[in-house]
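For reference, upload32.cif (mmCIF, C-alpha atoms and all ligand atoms):
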data_start
loop_
_atom_site.label_atom_id
_atom_site.label_comp_id
_atom_site.auth_asym_id
_atom_site.auth_seq_id
_atom_site.Cartn_x
_atom_site.Cartn_y
_atom_site.Cartn_z
CA MET A 1 34.44 12.35 33.70
CA ARG A 2 32.68 9.95 36.10
CA ILE A 3 33.05 10.61 39.80
CA SER A 4 31.12 7.60 41.07
CA PRO A 5 30.93 3.95 40.06
CA ALA A 6 27.94 2.79 38.05
CA VAL A 7 25.37 1.17 40.35
CA PRO A 8 22.41 -1.01 39.43
CA GLY A 9 18.77 -0.23 40.19
CA ALA A 10 17.21 -0.99 43.56
CA ARG A 11 14.61 -3.50 44.64
CA ILE A 12 12.94 -4.87 47.75
CA LEU A 13 14.80 -7.98 48.94
CA GLY A 14 12.61 -9.05 51.85
CA LEU A 15 9.58 -8.05 53.91
CA GLY A 16 8.67 -8.41 57.58
CA GLU A 17 5.83 -7.41 59.85
CA TYR A 18 4.80 -7.27 63.47
CA GLN A 19 1.40 -6.87 65.08
CA PRO A 20 1.00 -6.51 68.84
CA ALA A 21 -0.84 -9.35 70.61
CA THR A 22 -3.82 -7.41 71.98
CA VAL A 23 -6.86 -7.49 69.71
CA VAL A 24 -9.44 -4.75 70.32
CA THR A 25 -12.77 -5.54 68.69
CA ASN A 26 -15.57 -3.14 67.85
CA ALA A 27 -17.57 -4.77 70.66
CA ASP A 28 -14.74 -3.90 73.09
CA LEU A 29 -14.96 -0.24 71.98
CA ALA A 30 -18.76 -0.21 72.11
CA ALA A 31 -18.50 -1.35 75.73
CA ARG A 32 -16.54 1.79 76.69
CA MET A 33 -17.94 4.50 74.39
CA ASP A 34 -21.08 5.46 72.48
CA THR A 35 -20.44 3.58 69.24
CA SER A 36 -21.41 0.30 67.60
CA ASP A 37 -19.94 -2.48 65.49
CA GLU A 38 -22.36 -1.55 62.73
CA TRP A 39 -21.31 2.15 62.68
CA ILE A 40 -17.63 1.33 62.62
CA ARG A 41 -17.90 -1.35 59.93
CA THR A 42 -20.12 0.84 57.75
CA ARG A 43 -18.07 4.06 58.05
CA VAL A 44 -14.50 2.74 58.16
CA GLY A 45 -14.64 -1.01 57.47
CA ILE A 46 -12.71 -2.03 60.59
CA ARG A 47 -13.73 -5.12 62.62
CA SER A 48 -10.76 -5.22 65.01
CA ARG A 49 -7.37 -3.62 65.50
CA ARG A 50 -4.14 -4.40 67.39
CA ILE A 51 -2.95 -2.25 70.27
CA ALA A 52 0.56 -2.42 71.77
CA GLY A 53 1.09 -3.17 75.44
CA PRO A 54 1.84 -0.29 77.83
CA THR A 55 5.59 -0.88 77.77
CA GLU A 56 5.82 -1.96 74.13
CA SER A 57 7.46 0.81 72.11
CA VAL A 58 7.71 1.94 68.49
CA ALA A 59 11.32 0.69 68.53
CA ASP A 60 10.30 -2.69 70.02
CA MET A 61 7.86 -3.28 67.17
CA ALA A 62 10.32 -1.98 64.56
CA VAL A 63 13.04 -4.35 65.79
CA ILE A 64 10.81 -7.41 65.36
CA ALA A 65 9.53 -6.41 61.90
CA GLY A 66 13.04 -5.41 60.82
CA GLY A 67 14.55 -8.69 62.01
CA LYS A 68 11.94 -10.63 60.04
CA ALA A 69 12.63 -8.61 56.88
CA LEU A 70 16.36 -9.32 57.19
CA ALA A 71 15.68 -13.04 57.63
CA ALA A 72 13.32 -13.03 54.62
CA ALA A 73 16.04 -11.36 52.55
CA GLY A 74 18.56 -13.99 53.71
CA LEU A 75 20.81 -11.26 55.12
CA ASP A 76 22.68 -10.72 58.37
CA PRO A 77 22.62 -7.46 60.36
CA THR A 78 26.22 -6.91 59.26
CA ASP A 79 25.03 -6.66 55.64
CA VAL A 80 23.04 -3.47 56.35
CA ASP A 81 24.63 -0.04 56.08
CA LEU A 82 21.60 2.26 56.39
CA VAL A 83 18.54 2.10 58.67
CA ILE A 84 15.51 4.33 58.09
CA VAL A 85 12.47 4.28 60.35
CA ALA A 86 9.33 6.00 59.09
CA THR A 87 7.28 7.01 62.10
CA CYS A 88 5.24 9.90 63.48
CA THR A 89 4.50 8.48 66.92
CA MET A 90 7.78 8.36 68.83
CA PRO A 91 7.19 9.19 72.50
CA SER A 92 10.21 11.52 72.44
CA PRO A 93 12.27 12.87 69.55
CA ILE A 94 15.63 11.51 70.76
CA PRO A 95 17.14 9.00 70.75
CA HIS A 96 15.49 8.45 67.38
CA ALA A 97 14.05 5.05 66.47
CA ALA A 98 16.47 4.13 63.67
CA ALA A 99 19.54 4.34 65.93
CA GLN A 100 17.79 2.20 68.55
CA VAL A 101 16.71 -0.37 65.96
CA ALA A 102 20.21 -0.57 64.49
CA ALA A 103 21.81 -1.06 67.91
CA ARG A 104 19.31 -3.69 69.02
CA LEU A 105 19.53 -5.68 65.79
CA GLY A 106 23.32 -5.63 65.98
CA ILE A 107 23.79 -3.65 62.78
CA PRO A 108 27.29 -2.22 63.10
CA ALA A 109 27.56 1.56 62.61
CA PRO A 110 25.01 2.10 59.84
CA GLY A 111 23.66 5.46 58.77
CA ALA A 112 20.45 5.79 60.79
CA TYR A 113 17.65 8.32 60.62
CA ASP A 114 13.91 8.67 61.21
CA LEU A 115 11.60 10.04 58.56
CA ASN A 116 8.23 11.65 59.25
CA ALA A 117 5.84 11.97 56.33
CA ALA A 118 2.92 10.72 58.44
CA CYS A 119 0.93 7.96 56.75
CA ALA A 120 2.90 8.42 53.51
CA GLY A 121 6.16 7.77 55.39
CA PHE A 122 6.86 4.26 54.13
CA VAL A 123 6.64 5.23 50.45
CA TYR A 124 8.81 8.30 51.09
CA GLY A 125 11.21 5.93 52.86
CA LEU A 126 11.28 3.54 49.90
CA THR A 127 12.22 6.42 47.65
CA ALA A 128 14.98 7.47 50.06
CA ALA A 129 16.22 3.87 50.36
CA ALA A 130 16.19 3.29 46.60
CA SER A 131 17.99 6.60 46.03
CA ALA A 132 20.65 5.63 48.59
CA VAL A 133 21.23 2.32 46.81
CA THR A 134 21.28 3.71 43.28
CA SER A 135 23.54 6.62 44.24
CA GLY A 136 25.97 4.28 45.95
CA ALA A 137 25.40 5.91 49.37
CA ALA A 138 24.30 2.55 50.79
CA ASN A 139 24.31 -1.04 49.66
CA ARG A 140 21.54 -2.52 51.78
CA VAL A 141 18.94 -0.47 53.58
CA LEU A 142 16.61 -1.61 56.34
CA LEU A 143 13.43 0.47 56.09
CA VAL A 144 10.77 0.12 58.78
CA GLY A 145 7.37 1.78 59.16
CA ALA A 146 6.45 1.54 62.85
CA GLU A 147 3.74 3.31 64.81
CA LYS A 148 2.20 3.33 68.24
CA LEU A 149 -0.81 5.54 67.51
CA SER A 150 -2.42 4.40 70.77
CA ASP A 151 0.02 6.69 72.63
CA TRP A 152 -1.36 9.71 70.76
CA VAL A 153 -5.06 8.89 70.49
CA ASP A 154 -7.61 9.66 73.21
CA ARG A 155 -9.00 6.21 73.99
CA ASP A 156 -12.34 7.84 74.88
CA ASP A 157 -12.67 9.82 71.63
CA ARG A 158 -14.98 7.77 69.44
CA SER A 159 -14.02 9.63 66.28
CA THR A 160 -10.35 8.52 66.46
CA ALA A 161 -10.08 5.58 68.90
CA ILE A 162 -12.04 3.36 66.52
CA ILE A 163 -9.63 4.00 63.63
CA PHE A 164 -6.01 4.16 64.76
CA ALA A 165 -3.88 1.20 65.85
CA ASP A 166 -0.34 -0.05 66.34
CA GLY A 167 2.11 -2.20 64.37
CA ALA A 168 5.19 -2.31 62.18
CA GLY A 169 6.19 -3.41 58.70
CA ALA A 170 9.66 -3.55 57.18
CA ALA A 171 11.50 -3.97 53.90
CA VAL A 172 15.13 -4.55 53.05
CA VAL A 173 16.15 -2.58 49.97
CA GLY A 174 19.24 -3.47 47.99
CA PRO A 175 20.68 -3.68 44.50
CA ALA A 176 18.47 -5.14 41.80
CA ALA A 177 19.38 -8.50 40.30
CA THR A 178 20.45 -7.04 36.96
CA GLU A 179 21.68 -3.65 35.89
CA ASP A 180 18.56 -2.78 33.92
CA GLU A 181 16.01 -4.08 36.43
CA VAL A 182 13.90 -1.39 38.12
CA GLY A 183 12.43 -2.91 41.27
CA ILE A 184 11.27 0.39 42.75
CA GLY A 185 9.52 2.59 40.21
CA PRO A 186 9.47 6.39 39.95
CA VAL A 187 7.64 8.07 42.82
CA VAL A 188 4.78 10.54 42.39
CA TRP A 189 4.71 12.57 45.58
CA GLY A 190 3.56 15.85 46.95
CA SER A 191 1.81 17.69 49.73
CA THR A 192 -1.17 19.96 50.05
CA GLY A 193 0.02 22.85 52.17
CA GLU A 194 -3.25 24.72 52.37
CA GLN A 195 -4.72 21.70 54.19
CA VAL A 196 -1.77 21.27 56.51
CA ASP A 197 -3.86 21.43 59.70
CA LEU A 198 -6.55 18.88 58.81
CA ILE A 199 -4.81 16.12 60.79
CA ARG A 200 -2.65 17.22 63.69
CA ILE A 201 -1.27 16.64 67.15
CA ALA A 202 -1.02 20.17 68.54
CA ASP A 203 1.71 19.56 71.13
CA ARG A 204 3.15 16.91 73.44
CA ASN A 205 0.11 17.09 75.73
CA SER A 206 -2.47 16.78 72.94
CA TYR A 207 -4.14 13.91 71.18
CA LEU A 208 -4.46 13.34 67.45
CA TRP A 209 -7.26 15.42 65.94
CA GLN A 210 -8.60 15.31 62.41
CA GLU A 211 -11.28 16.99 60.37
CA GLY A 212 -12.57 13.63 59.14
CA GLN A 213 -14.96 14.73 56.40
CA ALA A 214 -12.48 17.11 54.76
CA VAL A 215 -9.78 14.43 54.80
CA PHE A 216 -12.26 11.94 53.38
CA ARG A 217 -13.18 14.31 50.52
CA TRP A 218 -9.52 14.97 49.71
CA ALA A 219 -8.57 11.29 49.80
CA THR A 220 -11.42 10.21 47.55
CA THR A 221 -10.83 12.94 44.95
CA ALA A 222 -7.13 13.89 44.84
CA LEU A 223 -5.40 10.52 45.13
CA ALA A 224 -6.66 8.39 42.25
CA PRO A 225 -4.84 10.65 39.74
CA VAL A 226 -1.63 10.15 41.76
CA ALA A 227 -2.11 6.37 41.57
CA VAL A 228 -2.77 6.53 37.83
CA GLU A 229 0.32 8.70 37.28
CA ALA A 230 2.54 6.33 39.32
CA CYS A 231 1.47 3.49 37.00
CA ARG A 232 2.07 5.65 33.92
CA ARG A 233 5.58 6.60 35.05
CA ALA A 234 6.35 2.93 35.78
CA GLY A 235 5.13 2.03 32.30
CA ILE A 236 2.42 -0.33 33.49
CA ALA A 237 -1.34 -0.34 32.93
CA PRO A 238 -3.32 -0.44 36.19
CA THR A 239 -5.00 -3.64 34.99
CA ASP A 240 -1.56 -5.33 34.77
CA LEU A 241 -0.85 -4.78 38.47
CA ALA A 242 -0.73 -7.88 40.66
CA ALA A 243 -2.14 -5.85 43.56
CA PHE A 244 -2.95 -2.36 44.79
CA VAL A 245 -1.73 -1.69 48.33
CA PRO A 246 -2.88 1.76 49.48
CA HIS A 247 -2.46 3.16 52.99
CA GLN A 248 -5.07 1.46 55.14
CA ALA A 249 -6.91 4.60 56.23
CA ASN A 250 -10.55 3.68 55.76
CA LEU A 251 -12.05 0.89 53.63
CA ARG A 252 -14.44 3.33 51.92
CA ILE A 253 -11.51 5.52 50.89
CA ILE A 254 -9.56 2.49 49.64
CA GLU A 255 -12.51 1.26 47.57
CA ALA A 256 -13.19 4.72 46.12
CA ILE A 257 -9.57 5.16 44.98
CA ALA A 258 -9.46 1.60 43.60
CA ARG A 259 -12.61 2.22 41.53
CA ARG A 260 -11.15 5.40 40.01
CA LEU A 261 -7.78 3.73 39.37
CA GLY A 262 -9.48 1.56 36.77
CA ALA A 263 -7.89 -1.69 37.83
CA ALA A 264 -10.91 -3.98 37.72
CA GLY A 265 -10.07 -7.48 38.93
CA VAL A 266 -6.78 -6.42 40.58
CA PRO A 267 -6.67 -7.48 44.26
CA VAL A 268 -6.80 -4.52 46.66
CA ALA A 269 -5.29 -4.75 50.15
CA ASP A 270 -7.95 -4.63 52.86
CA ASP A 271 -5.72 -5.21 55.85
CA ILE A 272 -7.55 -2.43 57.68
CA VAL A 273 -10.39 -4.84 58.46
CA ASP A 274 -8.39 -6.54 61.20
CA ALA A 275 -5.35 -4.25 61.56
CA GLY A 276 -6.91 -0.78 61.78
CA ASN A 277 -5.09 2.32 60.54
CA THR A 278 -1.41 2.00 61.51
CA SER A 279 -0.18 5.09 59.60
CA SER A 280 3.28 4.53 58.08
CA ALA A 281 3.21 0.85 59.10
CA SER A 282 0.06 0.03 57.18
CA ILE A 283 1.50 -0.44 53.68
CA PRO A 284 4.44 -2.73 54.55
CA LEU A 285 2.22 -4.58 57.03
CA ALA A 286 -0.43 -5.21 54.38
CA LEU A 287 2.14 -6.10 51.70
CA ALA A 288 4.04 -8.51 53.97
CA ARG A 289 0.81 -10.23 54.97
CA MET A 290 -0.32 -10.51 51.34
CA ALA A 291 3.05 -12.02 50.41
CA ALA A 292 2.89 -14.47 53.33
CA ARG A 293 -0.56 -15.63 52.18
CA GLY A 294 0.69 -16.06 48.61
CA ASP A 295 -1.64 -13.31 47.31
CA VAL A 296 1.41 -11.73 45.63
CA ARG A 297 4.48 -13.57 44.39
CA PRO A 298 8.13 -12.67 43.79
CA GLY A 299 8.47 -10.33 40.82
CA ASP A 300 4.83 -9.23 40.88
CA PRO A 301 4.27 -5.49 40.24
CA VAL A 302 2.36 -3.84 43.07
CA LEU A 303 1.18 -0.23 43.36
CA LEU A 304 1.78 1.40 46.75
CA LEU A 305 -0.02 4.64 47.68
CA GLY A 306 0.65 6.42 50.96
CA PHE A 307 -1.35 9.46 52.10
CA GLY A 308 -2.23 11.29 55.28
CA ALA A 309 -1.34 14.23 57.51
CA GLY A 310 0.31 17.13 55.82
CA LEU A 311 -1.68 16.48 53.68
CA THR A 312 1.05 14.40 52.11
CA TYR A 313 1.01 11.63 49.52
CA ALA A 314 3.30 9.33 47.55
CA GLY A 315 2.66 6.54 45.07
CA GLN A 316 4.97 4.14 43.28
CA VAL A 317 5.03 0.72 41.64
CA VAL A 318 7.42 -1.84 43.14
CA LEU A 319 8.27 -5.45 42.38
CA CYS A 320 7.56 -7.93 45.18
CA PRO A 321 10.56 -9.71 46.67
O1 LIG B 1 -4.48 8.09 57.95
C1 LIG B 1 -5.31 9.18 57.56
C2 LIG B 1 -6.48 9.11 58.35
N1 LIG B 1 -7.64 9.88 58.21
C3 LIG B 1 -8.71 9.47 57.55
O2 LIG B 1 -8.70 8.52 56.80
C4 LIG B 1 -9.97 10.22 57.82
C5 LIG B 1 -10.98 10.14 56.73
N2 LIG B 1 -12.32 10.39 57.27
C6 LIG B 1 -13.08 9.38 57.74
O3 LIG B 1 -12.67 8.22 57.67
C7 LIG B 1 -14.44 9.72 58.26
O4 LIG B 1 -14.67 11.10 58.12
C8 LIG B 1 -14.63 9.31 59.73
C9 LIG B 1 -14.68 7.80 59.84
C10 LIG B 1 -13.51 9.87 60.61
C11 LIG B 1 -15.96 9.84 60.28
O5 LIG B 1 -17.02 9.41 59.44
P1 LIG B 1 -18.09 10.45 58.90
O6 LIG B 1 -19.03 9.67 58.10
O7 LIG B 1 -17.35 11.57 58.22
O8 LIG B 1 -18.78 10.93 60.23
P2 LIG B 1 -18.91 12.41 60.83
O9 LIG B 1 -17.62 12.86 61.44
O10 LIG B 1 -19.58 13.30 59.84
O11 LIG B 1 -19.94 12.16 61.99
C12 LIG B 1 -21.29 11.75 61.73
C13 LIG B 1 -21.95 11.45 63.05
C14 LIG B 1 -21.72 12.51 64.11
O12 LIG B 1 -22.89 12.58 64.90
P3 LIG B 1 -23.97 13.76 64.68
O13 LIG B 1 -23.22 15.03 64.92
O14 LIG B 1 -24.44 13.61 63.26
O15 LIG B 1 -25.02 13.45 65.69
C15 LIG B 1 -20.61 11.95 64.93
O16 LIG B 1 -20.63 12.44 66.27
O17 LIG B 1 -21.37 10.24 63.59
C16 LIG B 1 -20.94 10.47 64.92
N3 LIG B 1 -19.82 9.61 65.21
C17 LIG B 1 -19.96 8.35 65.65
N4 LIG B 1 -21.06 7.64 65.92
C18 LIG B 1 -20.88 6.38 66.35
C19 LIG B 1 -18.49 9.88 65.06
N5 LIG B 1 -17.78 8.80 65.43
C20 LIG B 1 -18.67 7.86 65.79
C21 LIG B 1 -18.55 6.53 66.25
N6 LIG B 1 -19.67 5.85 66.50
N7 LIG B 1 -17.34 5.94 66.42
#
Rewrite the structure of this file - the entire thing - as structure tokens.
Ligand code: UT7
Amino acid sequence: MRISPAVPGARILGLGEYQPATVVTNADLAARMDTSDEWIRTRVGIRSRRIAGPTESVADMAVIAGGKALAAAGLDPTDVDLVIVATCTMPSPIPHAAAQVAARLGIPAPGAYDLNAACAGFVYGLTAAASAVTSGAANRVLLVGAEKLSDWVDRDDRSTAIIFADGAGAAVVGPAATEDEVGIGPVVWGSTGEQVDLIRIADRNSYLWQEGQAVFRWATTALAPVAVEACRRAGIAPTDLAAFVPHQANLRIIEAIARRLGAAGVPVADDIVDAGNTSSASIPLALARMAARGDVRPGDPVLLLGFGAGLTYAGQVVLCP
């Protein structure tokens, strides 16, 4: 006996992004701390990053990115029945971002929750959104990755201030066009408990701290197999991808994973160069900007790979809206 109606697969219906206005260049950082443009470009591949204004909040950025994603999907706020915000940088735990975003966008009485899987948060969120749609729990989900890392990074610490930045990216997830279409592929996810402390914010009075070299080693060795497996489960060869959009952590990490993925010739997102590392915002931000430039087109298969604190990771193939 069936207890729920049959529902089609899920897909991304629209994307949106927001970057704060203030651009901080490597020269700006070199003027206030002992670093250089050359060191930063060589070690992490960043030339500039965006930093939110003092009163600009995670929710402010999420509202703008979310509104753009709704417009791109051709939907009204009233069409949305679930809001998920992936974030790890809220200034206080309540009220949570998703409820604020829903209220400010005029989405009437949706389910609303925040999700913290650090820099893997957006891909975890996509899995949650797709599951909500395919189970019938929601019809259209607004998912936003939004971060204000600048609130949690010591602006005088050269090992972190050069890397982390602010921004938001959003996707609307809804039913796929046809019953057999899979717009959001199977996720490969996990966490690495024994390395749980390698990236952390100890308490509300502490800044973000990371053991950079250990994270670098993990990212460049453990994640390519996750990316390969996500392609295998989606039934696509890495060389048939239209793009690879990993978390924008460090350009050297991105290039190392891309090499081991075996997707020669496939475009790889390098948004980090002028966006910095925006944690859970980095994947939707990079994907939305690639789509806006025409680097990926509707229906294109793209591999997403989130990874970061926890150490937590998630990869999946999606079709572009
Ligand atoms: O979203 C997840 C985010 N986390 C990551 O992606 C972290 C992955 N790890 C990394 O990206 C790299 O480990 C870092 C970029 C964080 C650091 O690069 P590294 O090549 O591992 O440098 P290091 O920490 O081994 O430091 C080498 C030297 C040190 O000086 P000494 O002790 O050799 O004299 C550092 O003090 O570089 C120094 N250093 C800097 N020098 C100039 C550290 N930061 C800077 C800087 N400018 N900004």
| field | Gap from atom CA of Cys320 of chain A to atom CA of Gly167 of chain A - Å, one decimal | value | 20.8 Å
Contact table chain A vs ligand LIG 1 (chain B), cut-off 7 Å, shortest pair per residue, all atoms listed in the file, as a Markdown table:
| residue | atom | partner | partner_atom | distance |
| --- | --- | --- | --- | --- |
| A:Asp34 | CA | B:LIG1 | N6 | 6.2 |
| A:Thr35 | CA | B:LIG1 | N6 | 3.6 |
| A:Ser36 | CA | B:LIG1 | N6 | 5.9 |
| A:Trp39 | CA | B:LIG1 | N6 | 5.6 |
| A:Ile40 | CA | B:LIG1 | N7 | 6.0 |
| A:Arg43 | CA | B:LIG1 | C9 | 5.4 |
| A:Val44 | CA | B:LIG1 | C9 | 5.3 |
| A:Cys119 | CA | B:LIG1 | O1 | 5.5 |
| A:Arg158 | CA | B:LIG1 | N7 | 4.2 |
| A:Ser159 | CA | B:LIG1 | N5 | 3.9 |
| A:Thr160 | CA | B:LIG1 | C10 | 6.8 |
| A:Ile162 | CA | B:LIG1 | N7 | 5.9 |
| A:Gln210 | CA | B:LIG1 | N1 | 6.9 |
| A:Gly212 | CA | B:LIG1 | O4 | 3.4 |
| A:Gln213 | CA | B:LIG1 | O4 | 4.0 |
| A:Val215 | CA | B:LIG1 | C5 | 4.9 |
| A:Phe216 | CA | B:LIG1 | C5 | 4.0 |
| A:Ala249 | CA | B:LIG1 | O2 | 4.3 |
| A:Asn250 | CA | B:LIG1 | O2 | 5.3 |
| A:Asn277 | CA | B:LIG1 | O1 | 6.4 |
| A:Ser279 | CA | B:LIG1 | O1 | 5.5 |
| A:Phe307 | CA | B:LIG1 | C1 | 6.8 |
| A:Gly308 | CA | B:LIG1 | C1 | 4.4 |
| A:Ala309 | CA | B:LIG1 | C1 | 6.4 |
Could you dump the residues just selected with C-alpha atoms as a PDB file, keeping the file's coordinate frame?
ATOM      1  CA  ASP A  34     -21.080   5.460  72.480  1.00  0.00           C
ATOM      2  CA  THR A  35     -20.440   3.580  69.240  1.00  0.00           C
ATOM      3  CA  SER A  36     -21.410   0.300  67.600  1.00  0.00           C
ATOM      4  CA  TRP A  39     -21.310   2.150  62.680  1.00  0.00           C
ATOM      5  CA  ILE A  40     -17.630   1.330  62.620  1.00  0.00           C
ATOM      6  CA  ARG A  43     -18.070   4.060  58.050  1.00  0.00           C
ATOM      7  CA  VAL A  44     -14.500   2.740  58.160  1.00  0.00           C
ATOM      8  CA  CYS A 119       0.930   7.960  56.750  1.00  0.00           C
ATOM      9  CA  ARG A 158     -14.980   7.770  69.440  1.00  0.00           C
ATOM     10  CA  SER A 159     -14.020   9.630  66.280  1.00  0.00           C
ATOM     11  CA  THR A 160     -10.350   8.520  66.460  1.00  0.00           C
ATOM     12  CA  ILE A 162     -12.040   3.360  66.520  1.00  0.00           C
ATOM     13  CA  GLN A 210      -8.600  15.310  62.410  1.00  0.00           C
ATOM     14  CA  GLY A 212     -12.570  13.630  59.140  1.00  0.00           C
ATOM     15  CA  GLN A 213     -14.960  14.730  56.400  1.00  0.00           C
ATOM     16  CA  VAL A 215      -9.780  14.430  54.800  1.00  0.00           C
ATOM     17  CA  PHE A 216     -12.260  11.940  53.380  1.00  0.00           C
ATOM     18  CA  ALA A 249      -6.910   4.600  56.230  1.00  0.00           C
ATOM     19  CA  ASN A 250     -10.550   3.680  55.760  1.00  0.00           C
ATOM     20  CA  ASN A 277      -5.090   2.320  60.540  1.00  0.00           C
ATOM     21  CA  SER A 279      -0.180   5.090  59.600  1.00  0.00           C
ATOM     22  CA  PHE A 307      -1.350   9.460  52.100  1.00  0.00           C
ATOM     23  CA  GLY A 308      -2.230  11.290  55.280  1.00  0.00           C
ATOM     24  CA  ALA A 309      -1.340  14.230  57.510  1.00  0.00           C
TER      25      ALA A 309
END
(8.2, -2.8, 60.2) in this file's frame - what residues fall within 9 Å of it? Use only C-alpha atoms and give the answer as an mmCIF file with C-alpha atoms, in the frame of the given file.
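Saved to part-v1.cif:
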data_model
loop_
_atom_site.group_PDB
_atom_site.id
_atom_site.type_symbol
_atom_site.label_atom_id
_atom_site.label_comp_id
_atom_site.auth_asym_id
_atom_site.auth_seq_id
_atom_site.Cartn_x
_atom_site.Cartn_y
_atom_site.Cartn_z
ATOM 1 C CA LEU A 15 9.580 -8.050 53.910
ATOM 2 C CA GLY A 16 8.670 -8.410 57.580
ATOM 3 C CA GLU A 17 5.830 -7.410 59.850
ATOM 4 C CA TYR A 18 4.800 -7.270 63.470
ATOM 5 C CA MET A 61 7.860 -3.280 67.170
ATOM 6 C CA ALA A 62 10.320 -1.980 64.560
ATOM 7 C CA VAL A 63 13.040 -4.350 65.790
ATOM 8 C CA ILE A 64 10.810 -7.410 65.360
ATOM 9 C CA ALA A 65 9.530 -6.410 61.900
ATOM 10 C CA GLY A 66 13.040 -5.410 60.820
ATOM 11 C CA GLY A 67 14.550 -8.690 62.010
ATOM 12 C CA LYS A 68 11.940 -10.630 60.040
ATOM 13 C CA ALA A 69 12.630 -8.610 56.880
ATOM 14 C CA VAL A 85 12.470 4.280 60.350
ATOM 15 C CA ALA A 86 9.330 6.000 59.090
ATOM 16 C CA LEU A 143 13.430 0.470 56.090
ATOM 17 C CA VAL A 144 10.770 0.120 58.780
ATOM 18 C CA GLY A 145 7.370 1.780 59.160
ATOM 19 C CA ALA A 146 6.450 1.540 62.850
ATOM 20 C CA GLU A 147 3.740 3.310 64.810
ATOM 21 C CA GLY A 167 2.110 -2.200 64.370
ATOM 22 C CA ALA A 168 5.190 -2.310 62.180
ATOM 23 C CA GLY A 169 6.190 -3.410 58.700
ATOM 24 C CA ALA A 170 9.660 -3.550 57.180
ATOM 25 C CA ALA A 171 11.500 -3.970 53.900
ATOM 26 C CA ALA A 281 3.210 0.850 59.100
ATOM 27 C CA PRO A 284 4.440 -2.730 54.550
ATOM 28 C CA LEU A 285 2.220 -4.580 57.030
#
| message | Applying 8 Å and only C-alpha atoms, which residues near Arg49 of chain A remain after dropping the ones on its own chain fewer than 2 positions away? List them as an MDAnalysis selection string. | response | chainID A and resid 23:25 46:47 51 164:166 272:276
Write the residues of the selection above to a file with C-alpha atoms, as a short mmCIF file (atom, residue, chain, number, x, y, z; two decimals), keeping the file's coordinate frame.
data_model
loop_
_atom_site.label_atom_id
_atom_site.label_comp_id
_atom_site.auth_asym_id
_atom_site.auth_seq_id
_atom_site.Cartn_x
_atom_site.Cartn_y
_atom_site.Cartn_z
CA VAL A 23 -6.86 -7.49 69.71
CA VAL A 24 -9.44 -4.75 70.32
CA THR A 25 -12.77 -5.54 68.69
CA ILE A 46 -12.71 -2.03 60.59
CA ARG A 47 -13.73 -5.12 62.62
CA ILE A 51 -2.95 -2.25 70.27
CA PHE A 164 -6.01 4.16 64.76
CA ALA A 165 -3.88 1.20 65.85
CA ASP A 166 -0.34 -0.05 66.34
CA ILE A 272 -7.55 -2.43 57.68
CA VAL A 273 -10.39 -4.84 58.46
CA ASP A 274 -8.39 -6.54 61.20
CA ALA A 275 -5.35 -4.25 61.56
CA GLY A 276 -6.91 -0.78 61.78
#
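Every protein, DNA or RNA residue with an atom at most 10 Å from Pro301 of chain A, where only C-alpha atoms count and chain neighbours fewer than 3 positions away do not, is listed here: Gly183, Ile184, Gly185, Cys231, Ala234, Ile236, Pro238, Asp240, Leu241, Ala242, Ala243, Phe244, Val296, Arg297, Pro298, Leu304, Val317, Val318, Leu319, Cys320 and Pro321 of chain A.
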